[in-house]
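Undergrad: Got final_0.cif for you, mmCIF, C-alpha atoms:
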```cif
data_entry
#
loop_
_atom_site.group_PDB
_atom_site.id
_atom_site.type_symbol
_atom_site.label_atom_id
_atom_site.label_comp_id
_atom_site.auth_asym_id
_atom_site.auth_seq_id
_atom_site.Cartn_x
_atom_site.Cartn_y
_atom_site.Cartn_z
ATOM 1 C CA MET A 1 -6.018 -48.518 13.945
ATOM 2 C CA GLU A 2 -9.282 -48.649 15.881
ATOM 3 C CA ALA A 3 -9.014 -52.401 16.172
ATOM 4 C CA ARG A 4 -5.534 -52.084 17.669
ATOM 5 C CA ILE A 5 -6.777 -49.475 20.135
ATOM 6 C CA GLU A 6 -9.721 -51.676 21.052
ATOM 7 C CA LYS A 7 -7.355 -54.561 21.668
ATOM 8 C CA ILE A 8 -5.109 -52.464 23.921
ATOM 9 C CA LYS A 9 -8.196 -51.213 25.737
ATOM 10 C CA GLN A 10 -9.173 -54.816 26.423
ATOM 11 C CA GLN A 11 -5.680 -55.685 27.588
ATOM 12 C CA LEU A 12 -5.838 -52.788 30.038
ATOM 13 C CA GLN A 13 -9.306 -53.708 31.246
ATOM 14 C CA SER A 14 -8.322 -57.310 31.816
ATOM 15 C CA GLN A 15 -5.661 -55.976 34.214
ATOM 16 C CA GLY A 16 -8.098 -53.621 35.874
ATOM 17 C CA TYR A 17 -6.998 -50.426 34.118
ATOM 18 C CA LYS A 18 -9.051 -47.992 32.097
ATOM 19 C CA LEU A 19 -8.030 -46.546 28.777
ATOM 20 C CA THR A 20 -8.336 -42.940 29.902
ATOM 21 C CA PRO A 21 -8.383 -40.225 27.210
ATOM 22 C CA GLN A 22 -4.754 -39.413 28.048
ATOM 23 C CA ARG A 23 -3.768 -43.049 27.734
ATOM 24 C CA GLU A 24 -5.663 -43.329 24.492
ATOM 25 C CA ALA A 25 -3.949 -40.232 23.088
ATOM 26 C CA THR A 26 -0.585 -41.753 24.050
ATOM 27 C CA VAL A 27 -1.455 -45.047 22.348
ATOM 28 C CA ARG A 28 -2.624 -43.237 19.205
ATOM 29 C CA VAL A 29 0.641 -41.339 18.968
ATOM 30 C CA LEU A 30 2.563 -44.606 19.243
ATOM 31 C CA LEU A 31 0.404 -46.244 16.587
ATOM 32 C CA GLU A 32 0.762 -43.281 14.234
ATOM 33 C CA ASN A 33 4.525 -43.254 14.594
ATOM 34 C CA GLU A 34 5.093 -46.947 14.651
ATOM 35 C CA GLU A 35 8.131 -46.774 12.411
ATOM 36 C CA ASP A 36 9.996 -44.473 14.755
ATOM 37 C CA HIS A 37 11.263 -45.611 18.093
ATOM 38 C CA LEU A 38 9.957 -42.715 20.131
ATOM 39 C CA SER A 39 11.367 -41.660 23.459
ATOM 40 C CA ALA A 40 9.025 -40.534 26.233
ATOM 41 C CA GLU A 41 9.793 -36.914 25.335
ATOM 42 C CA ASP A 42 8.970 -37.542 21.676
ATOM 43 C CA VAL A 43 5.684 -39.129 22.680
ATOM 44 C CA PHE A 44 4.924 -36.236 25.029
ATOM 45 C CA MET A 45 5.501 -33.596 22.340
ATOM 46 C CA LEU A 46 3.158 -35.431 19.976
ATOM 47 C CA VAL A 47 0.520 -36.177 22.606
ATOM 48 C CA LYS A 48 0.360 -32.519 23.570
ATOM 49 C CA ASP A 49 -1.182 -31.761 20.179
ATOM 50 C CA LYS A 50 -4.042 -34.125 20.938
ATOM 51 C CA ALA A 51 -4.365 -33.571 24.675
ATOM 52 C CA PRO A 52 -2.842 -30.196 25.590
ATOM 53 C CA GLU A 53 -3.620 -30.651 29.283
ATOM 54 C CA ILE A 54 -1.535 -33.802 29.594
ATOM 55 C CA GLY A 55 1.631 -33.672 31.694
ATOM 56 C CA LEU A 56 4.950 -35.358 31.051
ATOM 57 C CA ALA A 57 4.551 -37.436 34.214
ATOM 58 C CA THR A 58 1.263 -38.867 32.907
ATOM 59 C CA VAL A 59 2.917 -39.815 29.641
ATOM 60 C CA TYR A 60 5.796 -41.477 31.516
ATOM 61 C CA ARG A 61 3.397 -43.415 33.717
ATOM 62 C CA THR A 62 1.334 -44.501 30.723
ATOM 63 C CA LEU A 63 4.432 -45.712 28.882
ATOM 64 C CA GLU A 64 5.617 -47.593 31.965
ATOM 65 C CA LEU A 65 2.189 -49.156 32.428
ATOM 66 C CA LEU A 66 2.000 -50.205 28.784
ATOM 67 C CA SER A 67 5.475 -51.681 28.847
ATOM 68 C CA ASP A 68 4.716 -53.566 32.078
ATOM 69 C CA MET A 69 1.748 -55.044 30.265
ATOM 70 C CA HIS A 70 3.853 -55.901 27.224
ATOM 71 C CA VAL A 71 1.815 -53.672 24.961
ATOM 72 C CA LEU A 72 5.043 -51.784 24.423
ATOM 73 C CA GLU A 73 8.586 -52.963 24.326
ATOM 74 C CA LYS A 74 10.933 -50.690 26.210
ATOM 75 C CA MET A 75 14.305 -50.444 24.569
ATOM 76 C CA ASN A 76 17.521 -48.888 25.597
ATOM 77 C CA PHE A 77 19.997 -48.270 22.845
ATOM 78 C CA GLY A 78 22.820 -47.282 25.121
ATOM 79 C CA ASP A 79 22.340 -43.526 24.834
ATOM 80 C CA GLY A 80 20.571 -43.440 28.191
ATOM 81 C CA VAL A 81 17.216 -42.725 26.584
ATOM 82 C CA ALA A 82 14.495 -45.323 26.832
ATOM 83 C CA ARG A 83 12.531 -45.738 23.629
ATOM 84 C CA TYR A 84 9.256 -47.479 23.128
ATOM 85 C CA ASP A 85 8.262 -49.858 20.426
ATOM 86 C CA LEU A 86 4.711 -51.115 19.965
ATOM 87 C CA ARG A 87 4.555 -54.847 19.952
ATOM 88 C CA SER A 88 2.393 -55.665 17.003
ATOM 89 C CA ASP A 89 1.119 -59.165 16.560
ATOM 90 C CA SER A 90 2.204 -59.229 12.954
ATOM 91 C CA THR A 91 5.906 -58.771 13.603
ATOM 92 C CA HIS A 92 6.026 -61.233 16.504
ATOM 93 C CA HIS A 93 8.777 -58.985 17.621
ATOM 94 C CA HIS A 94 11.408 -60.767 15.719
ATOM 95 C CA HIS A 95 13.084 -57.806 14.223
ATOM 96 C CA HIS A 96 16.620 -56.922 14.972
ATOM 97 C CA HIS A 97 18.176 -53.538 15.371
ATOM 98 C CA LEU A 98 21.267 -51.918 13.953
ATOM 99 C CA ILE A 99 22.188 -49.185 16.393
ATOM 100 C CA CYS A 100 24.619 -46.502 15.333
ATOM 101 C CA VAL A 101 26.908 -45.469 18.179
ATOM 102 C CA GLN A 102 27.746 -42.196 16.432
ATOM 103 C CA CYS A 103 24.390 -40.674 15.522
ATOM 104 C CA GLY A 104 22.061 -42.912 17.535
ATOM 105 C CA ALA A 105 20.042 -43.992 14.499
ATOM 106 C CA VAL A 106 18.237 -47.274 14.804
ATOM 107 C CA ASP A 107 17.613 -49.302 11.675
ATOM 108 C CA GLU A 108 15.558 -52.454 11.717
ATOM 109 C CA ILE A 109 16.256 -55.727 10.005
ATOM 110 C CA MET A 110 12.876 -57.242 9.406
ATOM 111 C CA GLU A 111 14.032 -60.735 8.538
ATOM 112 C CA ASP A 112 14.267 -63.178 11.360
ATOM 113 C CA TRP A 113 17.667 -64.792 11.282
ATOM 114 C CA LEU A 114 17.259 -66.493 14.620
ATOM 115 C CA GLY A 115 14.464 -68.846 13.605
ATOM 116 C CA PRO A 116 16.831 -71.728 12.869
ATOM 117 C CA LEU A 117 18.637 -71.054 16.147
ATOM 118 C CA GLU A 118 15.362 -71.170 18.087
ATOM 119 C CA GLU A 119 14.580 -74.511 16.512
ATOM 120 C CA ARG A 120 17.971 -75.805 17.545
ATOM 121 C CA LEU A 121 17.501 -74.569 21.101
ATOM 122 C CA ALA A 122 14.167 -76.337 21.239
ATOM 123 C CA ARG A 123 15.682 -79.512 19.857
ATOM 124 C CA GLU A 124 18.975 -79.632 21.707
ATOM 125 C CA TYR A 125 18.177 -77.890 24.975
ATOM 126 C CA ASN A 126 14.440 -78.439 25.162
ATOM 127 C CA PHE A 127 14.112 -74.675 25.609
ATOM 128 C CA LYS A 128 10.948 -72.982 24.389
ATOM 129 C CA VAL A 129 11.854 -69.511 23.138
ATOM 130 C CA LEU A 130 9.132 -66.912 23.610
ATOM 131 C CA ASP A 131 10.956 -63.895 22.342
ATOM 132 C CA HIS A 132 14.398 -62.761 21.410
ATOM 133 C CA ARG A 133 16.124 -59.621 20.414
ATOM 134 C CA LEU A 134 19.312 -59.107 18.541
ATOM 135 C CA ASP A 135 20.874 -55.655 18.554
ATOM 136 C CA PHE A 136 24.037 -54.789 16.691
ATOM 137 C CA GLN A 137 25.985 -51.723 17.718
ATOM 138 C CA GLY A 138 28.212 -50.066 15.198
ATOM 139 C CA ILE A 139 28.428 -47.224 12.702
ATOM 140 C CA CYS A 140 25.613 -46.761 10.207
ATOM 141 C CA HIS A 141 26.123 -46.249 6.502
ATOM 142 C CA ARG A 142 25.147 -42.563 6.852
ATOM 143 C CA CYS A 143 27.905 -41.851 9.364
ATOM 144 C CA GLN A 144 30.386 -43.862 7.331
ATOM 145 C CA GLU A 145 29.562 -41.805 4.246
ATOM 146 C CA LYS A 146 29.926 -38.600 6.254
ATOM 147 C CA GLY A 147 33.138 -39.882 7.823
ATOM 148 C CA ALA A 148 34.679 -40.328 4.396
ATOM 149 C CA ASP A 149 34.441 -36.572 3.799
ATOM 150 C CA GLN A 150 35.528 -35.271 7.157
ATOM 151 C CA PRO A 151 37.819 -37.202 9.465
ATOM 152 C CA LYS A 152 36.675 -37.015 13.052
ATOM 153 C CA ASN A 153 39.485 -35.952 15.322
ATOM 154 C CA LYS A 154 37.628 -36.329 18.587
ATOM 155 C CA ASP A 155 37.799 -40.071 18.284
ATOM 156 C CA THR A 156 40.536 -40.582 20.840
ATOM 157 C CA ASN A 157 38.555 -38.542 23.337
ATOM 158 C CA HIS A 158 35.434 -40.452 22.679
ATOM 159 C CA LYS A 159 36.933 -43.835 23.428
ATOM 160 C CA HIS A 160 38.355 -42.511 26.629
ATOM 161 C CA HIS A 161 35.100 -41.032 27.767
ATOM 162 C CA HIS A 162 33.263 -44.208 26.933
ATOM 163 C CA HIS A 163 35.575 -46.131 29.181
ATOM 164 C CA HIS A 164 34.515 -44.053 32.168
ATOM 165 C CA ALA A 165 30.870 -44.207 31.293
ATOM 166 C CA SER A 166 30.845 -47.984 31.319
ATOM 167 C CA ALA A 167 32.668 -48.173 34.641
ATOM 168 C CA LYS A 168 29.742 -46.882 36.639
ATOM 169 C CA PRO A 169 26.064 -47.550 36.147
ATOM 170 C CA SER A 170 24.291 -44.886 34.136
ATOM 171 C CA THR A 171 22.474 -42.338 36.229
ATOM 172 C CA LEU A 172 20.470 -41.061 33.279
ATOM 173 C CA VAL A 173 16.981 -42.176 34.084
#
```
Now, as a test, write the supplied structure out as structure tokens.
TA:
Amino acid sequence: MEARIEKIKQQLQSQGYKLTPQREATVRVLLENEEDHLSAEDVFMLVKDKAPEIGLATVYRTLELLSDMHVLEKMNFGDGVARYDLRSDSTHHHHHHLICVQCGAVDEIMEDWLGPLEERLAREYNFKVLDHRLDFQGICHRCQEKGADQPKNKDTNHKHHHHHASAKPSTLV
């Protein structure tokens, strides 16, 4: 943990930023909850325990700064909420996500299925892939199990609503 924090500190310093106590608290929360894709609000609630004086705006700015510097990966799973994922060196960021459109759960596939594809792109298109992300949207096994018990009748509504939502850019920032 300390080594990771030290590394992030150095990344910040190399860009002329300091790892302020608030920033450090934010980073610690992200490291402690690495398995969960936390939203800014989630991070804020957890950071408040460590640094009660911190404001939501500071947390937002820290998350933005860290994602600009590629310490964090900013993800949007289509529910209008940005979530943050620490980029750890070990994963090389080749995990893929299964995103449930019903409950918003995000499951990760840790295997990298795109390796062979990257090699082909390098070979056939002379394209050097630095990173990739594959997200599948659908209905998770939990919702499917629930759905078996109770049929959802608001389905027709939902499709309709979705149609409108996609027609204009999301204003949820």
Undergrad: Excluding A:Leu56 and residues on its chain fewer than 6 positions from it, collect all residues at most 10 Å away from it, counting only C-alpha atoms, and give them as a list of chain:residue names.
TA: A:Ala40, A:Glu41, A:Val43, A:Phe44, A:Met45, A:Val47, A:Lys48, A:Thr62
Undergrad: Which of these residues is nearest to A:Tyr84, using all atoms listed in the file: A:Leu72, A:Ala148, A:Val129, A:Ile8?
TA: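 Closest to A:Tyr84 of all the choices is A:Leu72.
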Undergrad: As a check of understanding, name the residues that the PyMOL selection byres ((chain A and resi 104) around 10) selects in the supplied structure, as an MDAnalysis selection string.
TA: chainID A and resid 77:79 98:103 105:107 137:140
Undergrad: Those same residues - C-alpha atoms - I'd like them written as a PDB file, in the coordinates of the input.
TA:
```pdb
ATOM      1  CA  PHE A  77      19.997 -48.270  22.845  1.00  0.00           C
ATOM      2  CA  GLY A  78      22.820 -47.282  25.121  1.00  0.00           C
ATOM      3  CA  ASP A  79      22.340 -43.526  24.834  1.00  0.00           C
ATOM      4  CA  LEU A  98      21.267 -51.918  13.953  1.00  0.00           C
ATOM      5  CA  ILE A  99      22.188 -49.185  16.393  1.00  0.00           C
ATOM      6  CA  CYS A 100      24.619 -46.502  15.333  1.00  0.00           C
ATOM      7  CA  VAL A 101      26.908 -45.469  18.179  1.00  0.00           C
ATOM      8  CA  GLN A 102      27.746 -42.196  16.432  1.00  0.00           C
ATOM      9  CA  CYS A 103      24.390 -40.674  15.522  1.00  0.00           C
ATOM     10  CA  ALA A 105      20.042 -43.992  14.499  1.00  0.00           C
ATOM     11  CA  VAL A 106      18.237 -47.274  14.804  1.00  0.00           C
ATOM     12  CA  ASP A 107      17.613 -49.302  11.675  1.00  0.00           C
ATOM     13  CA  GLN A 137      25.985 -51.723  17.718  1.00  0.00           C
ATOM     14  CA  GLY A 138      28.212 -50.066  15.198  1.00  0.00           C
ATOM     15  CA  ILE A 139      28.428 -47.224  12.702  1.00  0.00           C
ATOM     16  CA  CYS A 140      25.613 -46.761  10.207  1.00  0.00           C
TER      17      CYS A 140
END
```
Undergrad: Might you pull out every residue within 10 Å of stretch 10-12 of chain A, with all atoms listed in the file counted and same-chain residues fewer than 6 positions away left off, and present them as a CSV table (one decimal) with C-alpha atoms, in the frame of the given file?
TA:
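Final output, result28.csv:
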```csv
chain,number,residue,atom,x,y,z
A,4,ARG,CA,-5.5,-52.1,17.7
A,18,LYS,CA,-9.1,-48.0,32.1
A,19,LEU,CA,-8.0,-46.5,28.8
A,65,LEU,CA,2.2,-49.2,32.4
A,66,LEU,CA,2.0,-50.2,28.8
A,69,MET,CA,1.7,-55.0,30.3
A,70,HIS,CA,3.9,-55.9,27.2
A,71,VAL,CA,1.8,-53.7,25.0
```
Undergrad: A:Ser14, A:Asn126, A:Gln22, A:Gln144: which is nearest A:Thr58, counting all atoms listed in the file?
TA: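 Residue with the minimum atom-to-atom distance to A:Thr58: A:Gln22.
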Undergrad: Expanded to explicit residues, what is the PyMOL selection byres ((chain A and resi 28) around 12) for this file, as a PyMOL selection string?
TA: chain A and resi 1-6+8-9+19+21-27+29-34+43-44+46-51+86
Undergrad: What does the structure give for the distance between atom CA of A:Gly16 and atom CA of A:Gly55, in Å to one decimal?
TA: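 Atom-to-atom, atom CA of A:Gly16 and atom CA of A:Gly55 are spaced 22.6 Å apart.
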Undergrad: What does the structure give for the distance between atom CA of A:Ile109 and atom CA of A:Phe136, in Å to one decimal?
TA: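 According to the coordinates, atom CA of A:Ile109 and atom CA of A:Phe136 are separated by 10.3 Å.
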Undergrad: Measure the distance from atom CA of A:Ser67 to atom CA of A:Leu117 in Å and round it to one decimal.
TA: 26.6 Å
Undergrad: Tell me which of A:Lys146, A:Lys7, A:Lys128, A:His37 sits closest to A:Val81, counting only C-alpha atoms.
TA: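 Checking each candidate against A:Val81, we get A:His37 as the closest.
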Undergrad: Counting only C-alpha atoms, which of A:Asp135, A:His96, A:Arg123, A:Glu64 gets nearest to A:Glu111?
TA: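 Comparing A:Asp135, A:His96, A:Arg123, A:Glu64 against A:Glu111, the winner is A:His96.
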Undergrad: So that I can check the surroundings of A:Gly115, please list as a VMD selection string every protein, DNA and RNA residue that reaches within 10 Å of it, counting all atoms listed in the file and ignoring chain neighbours fewer than 5 positions away.
TA: chain A and resid 94 120 to 121 129 132
Undergrad: For the residues in the current selection, export C-alpha atoms as a PDB file, in the frame of the given file.
TA:
```pdb
ATOM      1  CA  HIS A  94      11.408 -60.767  15.719  1.00  0.00           C
ATOM      2  CA  ARG A 120      17.971 -75.805  17.545  1.00  0.00           C
ATOM      3  CA  LEU A 121      17.501 -74.569  21.101  1.00  0.00           C
ATOM      4  CA  VAL A 129      11.854 -69.511  23.138  1.00  0.00           C
ATOM      5  CA  HIS A 132      14.398 -62.761  21.410  1.00  0.00           C
TER       6      HIS A 132
END
```
